[in-house]
$ cat data-v3.tsv   # TSV, C-alpha atoms and all ligand atoms
chain	number	residue	atom	x	y	z
A	1	MET	CA	41.83	-4.19	12.74
A	2	LYS	CA	41.10	-0.67	13.90
A	3	TYR	CA	38.42	-1.68	16.42
A	4	GLN	CA	38.45	-4.45	18.99
A	5	VAL	CA	35.03	-6.00	19.34
A	6	ARG	CA	34.60	-8.62	22.06
A	7	VAL	CA	32.39	-11.45	20.87
A	8	THR	CA	30.46	-13.68	23.25
A	9	ARG	CA	28.29	-16.18	21.46
A	10	THR	CA	25.14	-17.59	22.94
A	11	THR	CA	25.18	-21.14	24.23
A	12	ALA	CA	21.39	-21.37	23.97
A	13	SER	CA	20.24	-20.24	20.53
A	14	ARG	CA	16.51	-19.53	20.27
A	15	LEU	CA	16.54	-20.07	16.51
A	16	SER	CA	14.86	-23.49	16.52
A	17	ARG	CA	11.86	-22.03	18.38
A	18	VAL	CA	11.03	-19.53	15.64
A	19	ASP	CA	8.40	-20.35	13.02
A	20	PHE	CA	9.79	-18.74	9.86
A	21	ASP	CA	6.44	-19.22	8.12
A	22	ASN	CA	4.70	-17.02	10.65
A	23	LEU	CA	6.74	-13.95	11.51
A	24	PRO	CA	4.80	-10.97	12.86
A	25	PHE	CA	6.79	-7.73	12.42
A	26	GLY	CA	9.03	-6.77	15.32
A	27	LYS	CA	8.15	-9.51	17.81
A	28	TYR	CA	10.98	-12.02	17.43
A	29	PHE	CA	14.55	-11.06	18.20
A	30	SER	CA	17.70	-12.77	16.96
A	31	ASP	CA	20.29	-14.28	19.31
A	32	HIS	CA	22.85	-11.46	19.48
A	33	MET	CA	23.20	-7.70	19.76
A	34	PHE	CA	26.04	-5.25	19.24
A	35	VAL	CA	26.64	-2.77	22.08
A	36	ALA	CA	29.01	0.17	22.55
A	37	GLU	CA	29.24	2.63	25.45
A	38	TYR	CA	30.18	6.30	25.16
A	39	ARG	CA	32.18	7.39	28.19
A	40	ASP	CA	34.91	10.00	28.74
A	41	GLY	CA	34.37	11.34	25.22
A	42	GLN	CA	34.99	7.96	23.52
A	43	TRP	CA	33.09	4.97	22.21
A	44	GLN	CA	34.38	1.96	24.12
A	45	ASP	CA	33.52	-1.49	25.44
A	46	LEU	CA	32.56	-2.63	21.93
A	47	ARG	CA	30.92	-6.03	22.09
A	48	ILE	CA	28.63	-8.54	20.49
A	49	GLU	CA	26.81	-10.59	23.10
A	50	PRO	CA	23.65	-12.58	23.57
A	51	LEU	CA	20.57	-10.33	23.38
A	52	SER	CA	19.47	-9.46	26.89
A	53	GLU	CA	17.84	-6.71	28.90
A	54	PHE	CA	19.72	-3.68	30.23
A	55	ALA	CA	19.35	-2.47	33.81
A	56	THR	CA	17.74	1.01	33.71
A	57	HIS	CA	18.31	3.67	36.33
A	58	PRO	CA	15.04	5.59	36.89
A	59	ALA	CA	16.85	8.85	36.07
A	60	THR	CA	18.24	7.59	32.72
A	61	MET	CA	18.19	10.82	30.74
A	62	ALA	CA	16.78	9.39	27.49
A	63	LEU	CA	13.57	8.51	29.32
A	64	HIS	CA	13.04	12.06	30.56
A	65	TYR	CA	14.56	14.41	28.00
A	66	GLY	CA	14.30	12.28	24.88
A	67	GLN	CA	17.86	12.06	23.57
A	68	ALA	CA	17.22	8.92	21.50
A	69	VAL	CA	17.77	8.37	17.78
A	70	PHE	CA	17.47	5.27	15.65
A	71	GLU	CA	17.73	3.67	12.22
A	72	GLY	CA	15.72	0.98	10.44
A	73	MET	CA	17.18	-1.18	7.70
A	74	LYS	CA	17.08	-4.72	6.36
A	75	ALA	CA	19.42	-7.57	5.50
A	76	SER	CA	18.14	-10.12	3.03
A	77	LYS	CA	19.35	-13.30	1.40
A	78	SER	CA	20.10	-13.32	-2.28
A	79	HIS	CA	18.46	-15.97	-4.45
A	80	ASP	CA	21.55	-18.17	-3.88
A	81	GLY	CA	21.51	-17.74	-0.10
A	82	ARG	CA	24.12	-15.00	0.44
A	83	PRO	CA	23.33	-12.42	3.16
A	84	MET	CA	23.23	-8.88	1.80
A	85	LEU	CA	22.99	-5.38	3.29
A	86	PHE	CA	21.42	-2.46	1.42
A	87	ARG	CA	23.26	0.89	1.43
A	88	PRO	CA	24.57	0.49	5.02
A	89	GLU	CA	26.79	3.57	4.86
A	90	MET	CA	23.74	5.77	4.16
A	91	HIS	CA	22.17	4.59	7.41
A	92	ALA	CA	25.43	5.28	9.28
A	93	ARG	CA	25.44	8.81	7.91
A	94	ARG	CA	21.78	9.43	8.72
A	95	LEU	CA	22.22	8.17	12.29
A	96	ASN	CA	24.96	10.74	12.78
A	97	PHE	CA	22.84	13.47	11.20
A	98	SER	CA	20.13	12.65	13.75
A	99	ALA	CA	22.66	12.44	16.61
A	100	ARG	CA	24.11	15.88	15.81
A	101	ARG	CA	20.65	17.46	15.86
A	102	LEU	CA	20.03	16.08	19.35
A	103	ALA	CA	23.46	17.14	20.67
A	104	MET	CA	24.56	13.50	20.86
A	105	PRO	CA	28.00	12.17	19.91
A	106	GLU	CA	28.52	10.75	16.44
A	107	PHE	CA	29.18	7.04	16.04
A	108	PRO	CA	32.14	6.18	13.76
A	109	GLU	CA	30.58	5.32	10.40
A	110	ASP	CA	33.13	2.64	9.56
A	111	LEU	CA	32.46	0.97	12.92
A	112	PHE	CA	28.70	1.15	12.30
A	113	VAL	CA	29.16	-0.73	9.02
A	114	GLU	CA	31.68	-3.18	10.52
A	115	ALA	CA	29.30	-3.93	13.40
A	116	LEU	CA	26.51	-4.65	10.91
A	117	HIS	CA	28.71	-7.09	9.02
A	118	MET	CA	29.72	-8.88	12.21
A	119	LEU	CA	26.29	-9.02	13.80
A	120	VAL	CA	24.42	-10.06	10.67
A	121	GLY	CA	27.23	-12.51	9.86
A	122	ILE	CA	26.93	-14.17	13.28
A	123	ASP	CA	23.12	-14.30	13.11
A	124	ALA	CA	22.96	-15.05	9.36
A	125	ASP	CA	20.83	-18.13	10.02
A	126	TRP	CA	18.19	-15.76	11.37
A	127	ILE	CA	17.67	-14.21	7.92
A	128	PRO	CA	14.47	-15.86	6.74
A	129	PRO	CA	15.13	-17.55	3.41
A	130	LYS	CA	11.69	-16.96	1.90
A	131	LYS	CA	11.30	-14.45	-0.90
A	132	GLY	CA	10.33	-11.06	0.50
A	133	SER	CA	11.34	-11.98	4.08
A	134	ALA	CA	14.24	-10.16	5.71
A	135	LEU	CA	16.18	-9.49	8.87
A	136	TYR	CA	15.04	-6.10	10.10
A	137	ILE	CA	17.96	-4.24	11.71
A	138	ARG	CA	17.46	-1.64	14.40
A	139	PRO	CA	20.55	0.46	15.30
A	140	PHE	CA	19.88	3.09	17.98
A	141	MET	CA	21.57	5.40	20.43
A	142	TYR	CA	20.30	6.85	23.71
A	143	ALA	CA	21.41	9.00	26.61
A	144	THR	CA	22.37	7.01	29.69
A	145	ASP	CA	23.45	9.51	32.38
A	146	PRO	CA	21.39	9.06	35.54
A	147	TYR	CA	20.71	12.75	36.04
A	148	VAL	CA	17.82	15.11	36.64
A	149	GLY	CA	18.18	18.41	34.77
A	150	VAL	CA	18.01	19.49	31.16
A	151	ARG	CA	21.41	19.25	29.47
A	152	PRO	CA	22.98	16.81	27.01
A	153	SER	CA	23.99	13.55	28.66
A	154	ASP	CA	27.71	12.80	29.04
A	155	THR	CA	27.23	9.07	28.45
A	156	TYR	CA	25.37	7.17	25.73
A	157	ARG	CA	24.75	3.61	24.61
A	158	PHE	CA	24.69	2.50	20.96
A	159	VAL	CA	22.99	-0.81	20.23
A	160	ILE	CA	22.10	-2.87	17.17
A	161	PHE	CA	19.60	-5.72	17.43
A	162	THR	CA	17.79	-7.59	14.67
A	163	CYS	CA	14.38	-9.19	14.07
A	164	PRO	CA	13.46	-11.76	11.42
A	165	VAL	CA	10.38	-10.48	9.56
A	166	GLY	CA	8.07	-12.09	7.05
A	167	PRO	CA	7.18	-10.81	3.60
A	168	TYR	CA	5.42	-7.47	3.74
A	169	TYR	CA	2.33	-7.41	1.55
A	170	PRO	CA	1.13	-3.89	2.01
A	171	LYS	CA	-2.49	-3.22	1.18
A	172	PRO	CA	-3.10	0.06	-0.62
A	173	VAL	CA	-3.37	2.73	2.07
A	174	SER	CA	-5.79	5.58	2.69
A	175	LEU	CA	-4.41	8.93	3.88
A	176	LEU	CA	-5.90	11.81	5.82
A	177	ALA	CA	-4.26	15.17	5.12
A	178	GLU	CA	-3.91	16.65	8.62
A	179	THR	CA	-4.98	20.25	9.10
A	180	HIS	CA	-4.76	20.56	12.89
A	181	TYR	CA	-1.68	18.71	14.15
A	182	ILE	CA	1.80	18.95	12.65
A	183	ARG	CA	4.67	16.48	12.52
A	184	ALA	CA	7.53	18.89	11.98
A	185	ALA	CA	8.29	22.58	11.71
A	186	ARG	CA	11.26	24.14	9.98
A	187	GLY	CA	14.09	24.34	12.48
A	188	GLY	CA	12.65	21.46	14.52
A	189	THR	CA	13.70	17.81	14.58
A	190	GLY	CA	11.64	16.51	11.65
A	191	GLU	CA	14.72	15.81	9.54
A	192	ALA	CA	16.18	13.61	12.27
A	193	LYS	CA	15.11	10.06	13.05
A	194	ALA	CA	14.48	11.02	16.64
A	195	ALA	CA	12.27	8.92	18.92
A	196	GLY	CA	10.28	12.00	19.99
A	197	ASN	CA	9.04	12.63	16.44
A	198	TYR	CA	7.24	9.30	16.53
A	199	ALA	CA	5.76	9.97	19.97
A	200	ALA	CA	4.34	13.28	18.74
A	201	ALA	CA	2.72	11.59	15.73
A	202	MET	CA	0.90	8.89	17.68
A	203	LEU	CA	-2.20	10.81	18.74
A	204	PRO	CA	-2.92	12.29	15.27
A	205	ALA	CA	-2.34	8.82	13.74
A	206	ARG	CA	-4.79	7.26	16.18
A	207	LEU	CA	-7.40	9.93	15.45
A	208	ALA	CA	-6.94	9.33	11.70
A	209	ASN	CA	-7.42	5.57	12.28
A	210	GLU	CA	-10.63	6.27	14.21
A	211	LYS	CA	-11.91	8.21	11.21
A	212	GLY	CA	-11.15	5.18	8.99
A	213	TYR	CA	-7.82	6.24	7.46
A	214	ASP	CA	-4.61	4.23	7.65
A	215	GLN	CA	-2.10	7.06	7.94
A	216	VAL	CA	-1.68	10.80	8.24
A	217	LEU	CA	-0.46	12.86	5.30
A	218	TRP	CA	1.56	15.62	6.98
A	219	LEU	CA	1.37	19.20	5.77
A	220	ASP	CA	3.73	22.04	6.57
A	221	ALA	CA	3.46	23.69	9.98
A	222	ARG	CA	3.10	27.27	8.79
A	223	GLU	CA	0.34	27.18	6.18
A	224	PHE	CA	-0.95	23.59	6.24
A	225	LYS	CA	-0.37	23.68	2.52
A	226	TYR	CA	2.83	21.94	1.43
A	227	ILE	CA	3.09	18.17	1.63
A	228	GLN	CA	5.81	16.67	3.80
A	229	GLU	CA	5.53	12.88	4.19
A	230	VAL	CA	3.41	10.04	5.56
A	231	GLY	CA	3.75	8.09	8.84
A	232	THR	CA	7.02	6.23	8.30
A	233	MET	CA	7.26	6.84	4.57
A	234	ASN	CA	8.21	9.50	2.07
A	235	ILE	CA	5.62	10.31	-0.57
A	236	PHE	CA	5.60	10.43	-4.37
A	237	PHE	CA	2.95	11.62	-6.84
A	238	VAL	CA	2.72	10.82	-10.54
A	239	ILE	CA	1.01	13.72	-12.27
A	240	ASP	CA	0.54	13.58	-16.01
A	241	GLY	CA	3.47	11.16	-16.41
A	242	LYS	CA	5.86	13.19	-14.26
A	243	VAL	CA	7.04	12.01	-10.85
A	244	VAL	CA	6.94	14.66	-8.12
A	245	THR	CA	8.16	14.33	-4.53
A	246	PRO	CA	8.68	16.94	-1.79
A	247	ASP	CA	12.22	18.29	-1.58
A	248	PRO	CA	13.77	17.75	1.87
A	249	ASP	CA	16.24	20.57	1.25
A	250	GLN	CA	13.49	23.10	0.66
A	251	GLU	CA	11.17	21.89	3.38
A	252	GLY	CA	13.80	21.29	6.09
A	253	THR	CA	11.29	19.05	7.87
A	254	ILE	CA	11.34	15.71	6.06
A	255	LEU	CA	13.26	12.55	6.85
A	256	ARG	CA	15.67	11.82	4.02
A	257	GLY	CA	14.48	8.31	3.24
A	258	ILE	CA	17.02	5.92	1.79
A	259	THR	CA	14.29	4.16	-0.19
A	260	ARG	CA	13.23	7.59	-1.48
A	261	ASP	CA	16.76	8.32	-2.66
A	262	SER	CA	17.05	4.87	-4.27
A	263	ILE	CA	13.75	5.24	-6.11
A	264	ILE	CA	14.66	8.67	-7.45
A	265	HIS	CA	17.91	7.23	-8.86
A	266	ILE	CA	16.17	4.20	-10.34
A	267	LEU	CA	13.39	6.19	-12.00
A	268	ARG	CA	15.75	8.83	-13.42
A	269	ASP	CA	18.01	6.09	-14.74
A	270	GLU	CA	14.98	4.53	-16.43
A	271	GLY	CA	14.26	7.82	-18.16
A	272	TYR	CA	11.43	9.14	-16.00
A	273	GLU	CA	11.32	12.78	-15.13
A	274	VAL	CA	11.48	13.17	-11.32
A	275	GLU	CA	10.96	16.57	-9.77
A	276	GLU	CA	12.04	17.22	-6.17
A	277	ARG	CA	10.18	20.38	-5.29
A	278	ARG	CA	7.48	21.87	-3.13
A	279	ILE	CA	4.10	20.35	-3.84
A	280	SER	CA	0.95	21.74	-2.29
A	281	ILE	CA	-2.15	19.79	-1.39
A	282	ASP	CA	-4.04	22.21	-3.69
A	283	GLU	CA	-1.89	21.08	-6.62
A	284	VAL	CA	-2.73	17.46	-5.83
A	285	VAL	CA	-6.46	18.26	-5.62
A	286	ALA	CA	-6.29	20.15	-8.94
A	287	ALA	CA	-4.42	17.29	-10.63
A	288	HIS	CA	-6.98	14.83	-9.29
A	289	ASP	CA	-9.90	16.95	-10.48
A	290	ALA	CA	-8.32	17.24	-13.92
A	291	GLY	CA	-7.87	13.45	-14.10
A	292	LYS	CA	-4.08	13.81	-14.11
A	293	LEU	CA	-3.24	12.24	-10.75
A	294	GLN	CA	-2.13	8.80	-11.91
A	295	GLU	CA	-0.27	7.32	-8.94
A	296	VAL	CA	0.49	8.15	-5.33
A	297	PHE	CA	2.85	5.98	-3.31
A	298	GLY	CA	4.82	5.96	-0.09
A	299	THR	CA	8.39	4.68	0.17
A	300	GLY	CA	10.21	3.23	3.16
A	301	THR	CA	12.38	0.34	4.31
A	302	ALA	CA	9.48	-1.75	5.64
A	303	ALA	CA	7.23	-1.88	2.57
A	304	VAL	CA	9.61	-0.45	-0.07
A	305	VAL	CA	6.53	0.92	-1.88
A	306	ALA	CA	3.00	1.30	-0.48
A	307	HIS	CA	0.33	2.29	-2.99
A	308	VAL	CA	-2.07	5.01	-1.90
A	309	GLN	CA	-5.70	4.31	-2.74
A	310	LYS	CA	-7.31	7.53	-1.50
A	311	ILE	CA	-6.50	10.84	0.14
A	312	ALA	CA	-8.94	12.86	2.23
A	313	TYR	CA	-8.53	16.61	2.55
A	314	GLU	CA	-11.02	18.99	4.16
A	315	GLY	CA	-13.93	16.61	3.85
A	316	LYS	CA	-13.26	15.66	0.22
A	317	GLU	CA	-11.96	12.24	-0.80
A	318	MET	CA	-9.71	11.78	-3.80
A	319	ILE	CA	-9.83	8.22	-5.13
A	320	LEU	CA	-6.75	7.08	-7.03
A	321	PRO	CA	-6.70	4.76	-10.06
A	322	PRO	CA	-6.52	1.01	-9.26
A	323	VAL	CA	-3.08	-0.45	-8.63
A	324	GLU	CA	-3.35	-2.67	-11.77
A	325	ASP	CA	-3.37	0.51	-13.85
A	326	ARG	CA	-0.18	1.86	-12.31
A	327	LYS	CA	3.16	1.51	-14.00
A	328	ILE	CA	5.84	3.49	-12.22
A	329	SER	CA	5.45	2.43	-8.57
A	330	PRO	CA	5.21	-1.34	-9.27
A	331	PHE	CA	8.32	-1.01	-11.46
A	332	ALA	CA	10.24	0.79	-8.70
A	333	LYS	CA	9.23	-1.77	-6.08
A	334	SER	CA	10.19	-4.81	-8.11
A	335	TYR	CA	13.47	-3.15	-9.09
A	336	ILE	CA	14.48	-2.84	-5.43
A	337	ASP	CA	13.15	-6.31	-4.54
A	338	GLU	CA	15.17	-7.81	-7.40
A	339	LEU	CA	18.30	-5.90	-6.41
A	340	ARG	CA	17.99	-7.23	-2.86
A	341	ALA	CA	17.53	-10.76	-4.13
A	342	GLY	CA	20.61	-10.43	-6.36
A	343	LEU	CA	18.44	-10.89	-9.45
A	344	ARG	CA	19.27	-7.57	-11.06
A	345	GLU	CA	22.58	-6.00	-11.99
A	346	ASP	CA	23.59	-3.68	-9.13
A	347	LYS	CA	24.67	-0.79	-11.31
A	348	PHE	CA	24.52	1.68	-8.41
A	349	GLY	CA	26.67	-0.44	-6.07
A	350	TRP	CA	24.07	-0.48	-3.30
A	351	VAL	CA	23.99	-4.15	-2.37
A	352	VAL	CA	26.78	-5.18	0.00
A	353	PRO	CA	27.47	-8.89	0.66
A	354	VAL	CA	27.90	-9.51	4.40
A	355	ARG	CA	31.45	-10.47	5.37
A	356	LEU	CA	33.04	-11.55	8.61
A	357	PRO	CA	36.18	-9.60	9.47
A	358	GLU	CA	39.09	-12.09	9.31
A	359	SER	CA	40.74	-10.68	12.38
A	360	ILE	CA	37.89	-11.69	14.59
A	361	ASP	CA	37.38	-15.24	15.65
A	362	VAL	CA	33.67	-15.78	15.43
B	1	LIG	C1	9.26	9.55	9.22
B	1	LIG	C2	9.82	8.64	8.18
B	1	LIG	N1	9.85	9.06	6.90
B	1	LIG	C3	10.37	8.30	5.91
B	1	LIG	C4	10.88	7.04	6.18
B	1	LIG	C5	11.46	6.23	5.07
B	1	LIG	O1	12.85	6.14	5.21
B	1	LIG	P1	13.68	4.91	4.64
B	1	LIG	O2	13.37	4.80	3.19
B	1	LIG	O3	15.10	5.25	4.90
B	1	LIG	O4	13.22	3.69	5.40
B	1	LIG	C6	10.86	6.56	7.50
B	1	LIG	C7	11.40	5.23	7.82
B	1	LIG	O5	12.54	5.16	8.24
B	1	LIG	C8	10.33	7.37	8.52
B	1	LIG	O6	10.28	6.93	9.79

$ encode --input "data-v3.tsv" --output "structure tokens"
Amino acid sequence: MKYQVRVTRTTASRLSRVDFDNLPFGKYFSDHMFVAEYRDGQWQDLRIEPLSEFATHPATMALHYGQAVFEGMKASKSHDGRPMLFRPEMHARRLNFSARRLAMPEFPEDLFVEALHMLVGIDADWIPPKKGSALYIRPFMYATDPYVGVRPSDTYRFVIFTCPVGPYYPKPVSLLAETHYIRAARGGTGEAKAAGNYAAAMLPARLANEKGYDQVLWLDAREFKYIQEVGTMNIFFVIDGKVVTPDPDQEGTILRGITRDSIIHILRDEGYEVEERRISIDEVVAAHDAGKLQEVFGTGTAAVVAHVQKIAYEGKEMILPPVEDRKISPFAKSYIDELRAGLREDKFGWVVPVRLPESIDV
């Protein structure tokens, strides 16, 4: 094996204390974590060990200057109980895209995938068996030099931990198109999954909540005109039978969602026309007023698909047709759910059964 990963298994599993019928998102943590340290220009000290706290120097650079990037993905069990990952190599690639933007070292993509197999394999009993439940996986990397001064850190830590999560039954969401704050400007960090992007979005999200909306619909930073994305989701519109979604290449500000990419492939394969292009809020208003705005939905790892029930823009509310009347977004969601459960032919080769590397005695 190319990498030596030291494995220390817990002697006090917490598994029996977890109520799998009542799993709030992100509050329970599985027994083990994967950790690697970047020192002297190399990733080293690769290990899987019982989940525990890290000692933090007060000058840890990530806390001051924000070099921190992360991923979010899920492992699920197929209908016959086999643990599965979904497009793990895409997450490895996106983590490195984010790392490069923040002047952080890349993490070897084959090691990222190997670590996922090992960690999820060891904690496979933590994958909730119920339909729709999953093991949420959080890989992340942060700067660890204890240093005061603005420069890239010389040392970093890469960690993967996991959380069992219950089925996600998203209610249709209401969106407020934001015309004061921005999430991302061209040339900024919006395309990266950088911790700071989420910090910057918290105040506008809270203000939108106080006005009665679930999430912010982000518009471009220059003209407040072109639609970017929503909270932690990419966004799709169905206008007159055609599917339209903002184009990350043109905008240069949007996170390249892996669910987004999957849904585009699935819909095109099913014969739907999907346009990746600039879409302005004015076009959405015009489509709504003409009775042609048939569906709006967000896509992301957590919910897969979240239906949008209304969008507010400059004091006007656009109400969308009821979910029962929608065709495309429910199809896309159940397609991905069925793929993950092993109930649909995986013609794209996205579903990866978890394996334990033979060379490692776990
Ligand atoms: C800002 C943002 N946009 C979009 C997404 C959807 O990405 P994915 O489908 O890879 O989960 C996420 C979630 O990771 C996100 O945080």

$ atom_distance --input "data-v3.tsv" --atom1 "atom CA of A:Val352" --atom2 "atom CA of A:Asp261"
17.0 Å

$ residues_near_ligand --input "data-v3.tsv" --ligand "ligand LIG 1 (chain B)" --cutoff "6 Å" --atoms "all atoms listed in the file" --output "PyMOL selection string"
chain A and resi 72+231-234+255+257-260+299-301

$ closest_residue --input "data-v3.tsv" --among "A:Ser78, A:Gln42, A:Ser334, A:Asn96" --to "A:Tyr156" --atoms "only C-alpha atoms"
A:Gln42

$ residues_around --input "data-v3.tsv" --residues "A:Val159" --least-positions-apart "6" --cutoff "9 Å" --atoms "only C-alpha atoms" --output "list in words"
Met33, Phe34, Val35, Ala36, Glu37, Arg138, Pro139, Phe140, Met141 and Tyr142 of chain A

$ residues_around --input "data-v3.tsv" --residues "A:Ala195" --least-positions-apart "4" --cutoff "8 Å" --atoms "all atoms listed in the file" --output "list of chain:residue names"
A:Gly66, A:Gln67, A:Ala68, A:Val69, A:Phe70, A:Ala199
